[in-house]
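Structure first, commentary second.
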Amino acid sequence: MKTWFLFGVILTTLFSCSHKVENVEKSFYYWKSDEWNFSEKEDSLLKKLKVNKLYVKFFEVEHSDAMGNYPISKTNLNMYRADSLTIVPTVYLRNSVFINASKGSLDTLANNVNFLINKYVNEKFDRQLPVKEFQMDCDWTLKSKDNYFYFLKQLKVLSKKEISCTLRLYPYKYPDKMGVPPVDKVTLMCYNLMNPLENHTKNSILDLEEMKQYLDTDNAYPLHLDVALPTYSWIQVYQNNQFSKVIYTDVKATKKILKPVKPLWYEVTKDTVIEDTYLRIGDKIKLEELTAGNIQKAISIIKRQIKLDKNTTITLFHLDEKQLSNYSNEELSGFYSDFCK
């Protein structure tokens, strides 16, 4: 009996152990479109955390029947420092771009994306800055999969760069159904797990039980996996019981004019203007925020359920002093170093 008991303990230990990363490359997403440079706090934070890599959203691509595909939300970030960071140009592409697209339009899209990225690198960044990787961000579906994958192949040929793309948890768990993108590596997005407007009782940014279910798979993903974690919070505004908008703001300051109603839900107690949005007494607010403890638990789950490579990039979303003020420098540093423990 003792032998079988010990054997069971050994098996449990083996299959519940976490997977340690030997070397973490620290990174942030930079997702702003209206800033010329980092704030002093953001610049200082990068140096204190020894972060040397940024995934910068260069622009987004929208689609309309009248205009076709067109870029919006172009970055205004400029960097001409001698000690420039490693910059990875990142482009967000709406899924609608790839629905019913022709091969000719996808060839044009790949050419335009490659051209515009290179134009921004030359105009807004140090010309000596070596850009080795482009990242594409798209929530592809079964209907858009083939066209999106074709675009990725064409971009690889044109750019002659390493191509990565973001990977949501659903296509991570079901690669046979959703396909494996033809890229060099993927970044697993461990947040935005559900539609924020459909489930009013869960935190749509990061729900640990939901994440566990998606990571519960016996098959290793066939591409190198990097990991992205959320460090942001937001409020969803409901006026006259109708969803109005999402606001990224200082959660601590906003709470001062909110009255708790039920888990995640608050009511505005004072007419206030926040981020150019007029909040009225009685407006309903769904506040989705993350603590350092939430993120640390997510890291434990990821380490336990995913076998990451020895060298992995961990990226926090995103570099914004208001959002990052919710965490101490020690906590932010731990979001990287915990993968090596």
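All residue names refer to the structure tokens as shown: chains lettered A, B, ... in order, residues numbered from 1 in each chain, ligands numbered from 1 in order.
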
(message) Give me, as a PyMOL selection string, all polymer residues having an atom no more than 9 Å from stretch 275-292 of chain A, counting only C-alpha atoms and skipping those fewer than 4 positions away in the same chain.
(response) chain A and resi 200+202-206+230-241+245+247-249+251+258+263-271+296-297+326-328+331-332+335

(request) Please run DSSP on the backbone and report, as a PyMOL selection string, all residues within stretch 25-220 of chain A that come out as alpha helix (DSSP H). (result) chain A and resi 40-49+103-124+145-159+169-173+175-178+208-215

(message) Residues within 12 Å of A:Leu45, please, as a list in words. Count only C-alpha atoms; anything in the same chain fewer than 3 positions from it doesn't count.
(response)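 The filter keeps Ser27, Phe28, Phe38, Ser39, Glu40, Lys41, Glu42, Lys48, Leu49, Lys50, Val51, Asn52, Leu319, Asp320, Glu321, Leu324, Ser325, Tyr327, Ser328, Asn329, Glu330, Leu332 and Ser333 of chain A.
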
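Across the structure, atom CA of A:Trp36 and atom CA of A:Ile72 are spaced 16.6 Å apart.
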
(message) Write out as a list in words the set of residues from stretch 239-308 of chain A that DSSP, computed on the backbone, places in strand (DSSP E or B).
(response)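 For stretch 239-308 of chain A, the strand (DSSP E or B) set is Gln239, Gln242, Phe243, Ser244, Lys245, Val246, Ile247, Leu258, Lys259, Pro260, Val261, Lys262, Trp265, Tyr266, Glu267, Val268, Thr272, Val273, Ile274, Thr277, Tyr278, Leu279, Lys284, Ile285, Lys286, Leu287 and Glu288 of chain A.
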
With N, CA and C atoms retained, write the just-selected residues as a PDB file, in the first residue's frame.
ATOM      1  N   GLN A 239     -25.462  54.087 -20.066  1.00  0.00           N
ATOM      2  CA  GLN A 239     -26.324  55.237 -19.840  1.00  0.00           C
ATOM      3  C   GLN A 239     -27.722  54.903 -20.338  1.00  0.00           C
ATOM      4  N   GLN A 242     -28.225  51.379 -21.533  1.00  0.00           N
ATOM      5  CA  GLN A 242     -27.659  50.996 -22.813  1.00  0.00           C
ATOM      6  C   GLN A 242     -26.148  51.216 -22.771  1.00  0.00           C
ATOM      7  N   PHE A 243     -25.399  50.252 -23.331  1.00  0.00           N
ATOM      8  CA  PHE A 243     -23.951  50.407 -23.361  1.00  0.00           C
ATOM      9  C   PHE A 243     -23.576  51.647 -24.151  1.00  0.00           C
ATOM     10  N   SER A 244     -22.680  52.458 -23.583  1.00  0.00           N
ATOM     11  CA  SER A 244     -22.258  53.692 -24.239  1.00  0.00           C
ATOM     12  C   SER A 244     -20.838  53.590 -24.782  1.00  0.00           C
ATOM     13  N   LYS A 245     -19.859  53.285 -23.916  1.00  0.00           N
ATOM     14  CA  LYS A 245     -18.476  53.207 -24.369  1.00  0.00           C
ATOM     15  C   LYS A 245     -17.605  52.588 -23.292  1.00  0.00           C
ATOM     16  N   VAL A 246     -16.344  52.290 -23.697  1.00  0.00           N
ATOM     17  CA  VAL A 246     -15.334  51.812 -22.765  1.00  0.00           C
ATOM     18  C   VAL A 246     -14.328  52.929 -22.543  1.00  0.00           C
ATOM     19  N   ILE A 247     -13.932  53.124 -21.285  1.00  0.00           N
ATOM     20  CA  ILE A 247     -12.967  54.167 -20.955  1.00  0.00           C
ATOM     21  C   ILE A 247     -11.780  53.544 -20.228  1.00  0.00           C
ATOM     22  N   LEU A 258     -18.044  56.531  -7.426  1.00  0.00           N
ATOM     23  CA  LEU A 258     -18.841  55.339  -7.710  1.00  0.00           C
ATOM     24  C   LEU A 258     -19.362  54.702  -6.430  1.00  0.00           C
ATOM     25  N   LYS A 259     -20.574  54.166  -6.493  1.00  0.00           N
ATOM     26  CA  LYS A 259     -21.169  53.431  -5.371  1.00  0.00           C
ATOM     27  C   LYS A 259     -21.340  51.967  -5.790  1.00  0.00           C
ATOM     28  N   PRO A 260     -20.789  51.017  -5.012  1.00  0.00           N
ATOM     29  CA  PRO A 260     -20.933  49.596  -5.364  1.00  0.00           C
ATOM     30  C   PRO A 260     -22.402  49.183  -5.376  1.00  0.00           C
ATOM     31  N   VAL A 261     -22.768  48.408  -6.397  1.00  0.00           N
ATOM     32  CA  VAL A 261     -24.132  47.899  -6.515  1.00  0.00           C
ATOM     33  C   VAL A 261     -24.151  46.381  -6.350  1.00  0.00           C
ATOM     34  N   LYS A 262     -23.252  45.704  -7.060  1.00  0.00           N
ATOM     35  CA  LYS A 262     -23.066  44.259  -6.968  1.00  0.00           C
ATOM     36  C   LYS A 262     -21.694  43.970  -7.541  1.00  0.00           C
ATOM     37  N   TRP A 265     -20.099  45.834 -10.541  1.00  0.00           N
ATOM     38  CA  TRP A 265     -21.009  46.888 -10.977  1.00  0.00           C
ATOM     39  C   TRP A 265     -21.106  48.022  -9.960  1.00  0.00           C
ATOM     40  N   TYR A 266     -21.152  49.265 -10.510  1.00  0.00           N
ATOM     41  CA  TYR A 266     -21.208  50.460  -9.685  1.00  0.00           C
ATOM     42  C   TYR A 266     -22.227  51.446 -10.277  1.00  0.00           C
ATOM     43  N   GLU A 267     -22.538  52.456  -9.471  1.00  0.00           N
ATOM     44  CA  GLU A 267     -23.413  53.528  -9.932  1.00  0.00           C
ATOM     45  C   GLU A 267     -22.717  54.864  -9.704  1.00  0.00           C
ATOM     46  N   VAL A 268     -22.816  55.745 -10.679  1.00  0.00           N
ATOM     47  CA  VAL A 268     -22.193  57.065 -10.577  1.00  0.00           C
ATOM     48  C   VAL A 268     -22.962  57.910  -9.571  1.00  0.00           C
ATOM     49  N   THR A 272     -19.667  63.972 -13.525  1.00  0.00           N
ATOM     50  CA  THR A 272     -18.217  64.087 -13.688  1.00  0.00           C
ATOM     51  C   THR A 272     -17.844  63.926 -15.155  1.00  0.00           C
ATOM     52  N   VAL A 273     -16.771  64.583 -15.567  1.00  0.00           N
ATOM     53  CA  VAL A 273     -16.210  64.366 -16.901  1.00  0.00           C
ATOM     54  C   VAL A 273     -14.926  63.564 -16.756  1.00  0.00           C
ATOM     55  N   ILE A 274     -14.875  62.404 -17.392  1.00  0.00           N
ATOM     56  CA  ILE A 274     -13.688  61.550 -17.357  1.00  0.00           C
ATOM     57  C   ILE A 274     -13.302  61.196 -18.781  1.00  0.00           C
ATOM     58  N   THR A 277     -15.608  62.075 -21.435  1.00  0.00           N
ATOM     59  CA  THR A 277     -16.930  61.446 -21.345  1.00  0.00           C
ATOM     60  C   THR A 277     -17.678  62.018 -20.145  1.00  0.00           C
ATOM     61  N   TYR A 278     -18.897  62.485 -20.371  1.00  0.00           N
ATOM     62  CA  TYR A 278     -19.699  63.059 -19.294  1.00  0.00           C
ATOM     63  C   TYR A 278     -20.487  61.960 -18.612  1.00  0.00           C
ATOM     64  N   LEU A 279     -20.139  61.697 -17.353  1.00  0.00           N
ATOM     65  CA  LEU A 279     -20.847  60.699 -16.554  1.00  0.00           C
ATOM     66  C   LEU A 279     -21.882  61.410 -15.692  1.00  0.00           C
ATOM     67  N   LYS A 284     -24.720  53.567 -14.920  1.00  0.00           N
ATOM     68  CA  LYS A 284     -24.190  52.288 -14.429  1.00  0.00           C
ATOM     69  C   LYS A 284     -22.798  52.050 -15.019  1.00  0.00           C
ATOM     70  N   ILE A 285     -21.924  51.509 -14.181  1.00  0.00           N
ATOM     71  CA  ILE A 285     -20.543  51.262 -14.567  1.00  0.00           C
ATOM     72  C   ILE A 285     -20.180  49.811 -14.273  1.00  0.00           C
ATOM     73  N   LYS A 286     -19.656  49.114 -15.270  1.00  0.00           N
ATOM     74  CA  LYS A 286     -19.035  47.813 -15.012  1.00  0.00           C
ATOM     75  C   LYS A 286     -17.530  48.056 -14.966  1.00  0.00           C
ATOM     76  N   LEU A 287     -16.949  47.853 -13.803  1.00  0.00           N
ATOM     77  CA  LEU A 287     -15.530  48.113 -13.605  1.00  0.00           C
ATOM     78  C   LEU A 287     -14.762  46.797 -13.628  1.00  0.00           C
ATOM     79  N   GLU A 288     -13.917  46.651 -14.632  1.00  0.00           N
ATOM     80  CA  GLU A 288     -13.097  45.447 -14.750  1.00  0.00           C
ATOM     81  C   GLU A 288     -11.654  45.846 -14.492  1.00  0.00           C
TER      82      GLU A 288
END

(request) Please identify all polymer residues within 12 Å of A:Ser64, counting only C-alpha atoms, omitting same-chain residues fewer than 6 positions from it, and present them as number ranges by chain. (result) A: 70-71, 94-99, 101

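Atom pair atom CA of A:Phe58 / atom CA of A:Lys145: separated by 22.8 Å.
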
(message) As an exercise, work out the distance from atom CA of A:Asn192 to atom CA of A:Val61 in Å and give it to one decimal place.
(response) 20.1 Å

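Using only C-alpha atoms, the protein and nucleic acid residues lying no more than 9 Å from A:Val186, apart from those fewer than 5 places from it along its own chain, are A:Gln135, A:Ile163, A:Ser164, A:Cys165, A:Thr166, A:Leu167, A:Pro181, A:Leu223, A:His224, A:Leu225, A:Asp226, A:Val227.
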
Those same residues, written as a PDB file, in the first residue's frame with N, CA, C and O atoms?
ATOM      1  N   GLN A 135       4.888  42.063 -36.457  1.00  0.00           N
ATOM      2  CA  GLN A 135       3.820  41.261 -35.853  1.00  0.00           C
ATOM      3  C   GLN A 135       2.461  41.718 -36.363  1.00  0.00           C
ATOM      4  O   GLN A 135       2.165  42.906 -36.408  1.00  0.00           O
ATOM      5  N   ILE A 163       8.198  36.947 -39.201  1.00  0.00           N
ATOM      6  CA  ILE A 163       6.795  37.326 -39.041  1.00  0.00           C
ATOM      7  C   ILE A 163       6.209  36.566 -37.855  1.00  0.00           C
ATOM      8  O   ILE A 163       6.300  35.337 -37.770  1.00  0.00           O
ATOM      9  N   SER A 164       5.623  37.323 -36.932  1.00  0.00           N
ATOM     10  CA  SER A 164       4.897  36.717 -35.820  1.00  0.00           C
ATOM     11  C   SER A 164       3.460  37.201 -35.881  1.00  0.00           C
ATOM     12  O   SER A 164       3.142  38.163 -36.581  1.00  0.00           O
ATOM     13  N   CYS A 165       2.589  36.531 -35.143  1.00  0.00           N
ATOM     14  CA  CYS A 165       1.208  37.007 -35.050  1.00  0.00           C
ATOM     15  C   CYS A 165       0.663  36.688 -33.667  1.00  0.00           C
ATOM     16  O   CYS A 165       1.218  35.856 -32.941  1.00  0.00           O
ATOM     17  N   THR A 166      -0.387  37.384 -33.310  1.00  0.00           N
ATOM     18  CA  THR A 166      -1.039  37.118 -32.034  1.00  0.00           C
ATOM     19  C   THR A 166      -1.903  35.868 -32.166  1.00  0.00           C
ATOM     20  O   THR A 166      -2.386  35.532 -33.255  1.00  0.00           O
ATOM     21  N   LEU A 167      -2.097  35.196 -31.041  1.00  0.00           N
ATOM     22  CA  LEU A 167      -2.889  33.969 -31.013  1.00  0.00           C
ATOM     23  C   LEU A 167      -3.839  34.029 -29.828  1.00  0.00           C
ATOM     24  O   LEU A 167      -3.406  34.105 -28.677  1.00  0.00           O
ATOM     25  N   PRO A 181      -1.224  29.366 -38.043  1.00  0.00           N
ATOM     26  CA  PRO A 181      -0.797  30.421 -38.971  1.00  0.00           C
ATOM     27  C   PRO A 181       0.616  30.173 -39.503  1.00  0.00           C
ATOM     28  O   PRO A 181       1.480  29.682 -38.770  1.00  0.00           O
ATOM     29  N   LEU A 223       4.089  25.774 -32.861  1.00  0.00           N
ATOM     30  CA  LEU A 223       4.973  26.912 -33.085  1.00  0.00           C
ATOM     31  C   LEU A 223       5.517  27.418 -31.745  1.00  0.00           C
ATOM     32  O   LEU A 223       4.943  27.153 -30.691  1.00  0.00           O
ATOM     33  N   HIS A 224       6.623  28.173 -31.817  1.00  0.00           N
ATOM     34  CA  HIS A 224       7.154  28.792 -30.607  1.00  0.00           C
ATOM     35  C   HIS A 224       6.118  29.747 -30.024  1.00  0.00           C
ATOM     36  O   HIS A 224       5.523  30.562 -30.737  1.00  0.00           O
ATOM     37  N   LEU A 225       5.921  29.641 -28.717  1.00  0.00           N
ATOM     38  CA  LEU A 225       4.941  30.466 -28.018  1.00  0.00           C
ATOM     39  C   LEU A 225       5.618  31.515 -27.153  1.00  0.00           C
ATOM     40  O   LEU A 225       6.430  31.194 -26.278  1.00  0.00           O
ATOM     41  N   ASP A 226       5.298  32.783 -27.385  1.00  0.00           N
ATOM     42  CA  ASP A 226       5.563  33.834 -26.422  1.00  0.00           C
ATOM     43  C   ASP A 226       4.244  34.104 -25.709  1.00  0.00           C
ATOM     44  O   ASP A 226       3.193  33.595 -26.102  1.00  0.00           O
ATOM     45  N   VAL A 227       4.284  34.917 -24.666  1.00  0.00           N
ATOM     46  CA  VAL A 227       3.087  35.131 -23.850  1.00  0.00           C
ATOM     47  C   VAL A 227       2.862  36.625 -23.622  1.00  0.00           C
ATOM     48  O   VAL A 227       3.808  37.369 -23.350  1.00  0.00           O
TER      49      VAL A 227
END

(message) With distances taken over only C-alpha atoms, which residue among A:Leu142, A:Leu197, A:Met67, A:Leu208 lies nearest A:Gly179?
(response)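 That would be A:Leu142, the residue with the smallest distance to A:Gly179.
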
(request) Between A:Asn37, A:Lys341, A:Met211, A:Pro171, single out the one closest to A:Thr141, counting only C-alpha atoms. (result)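 Smallest distance to A:Thr141 is found for A:Pro171.
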
(request) Could you check which of A:Gly334, A:Lys307, A:Thr254, A:Thr312 is closest to A:Gly293, using only C-alpha atoms? (result) A:Gly334

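Each of A:Glu22, A:Asp137, A:Glu35, A:Asp146 was checked against A:Glu60 using only C-alpha atoms; the smallest atom-to-atom distance is that of A:Asp137.
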
(request) Using only C-alpha atoms, find the one residue out of A:Met136, A:Pro130, A:Asp309, A:Asn111 that sits nearest to A:Lys57. (result)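 Among the listed residues, A:Met136 lies closest to A:Lys57.
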
(request) Pick out the closest residue to A:Glu209 from this set: A:His19, A:Asp250, A:Ala298, A:Asp338. Count only C-alpha atoms. (result) A:Ala298
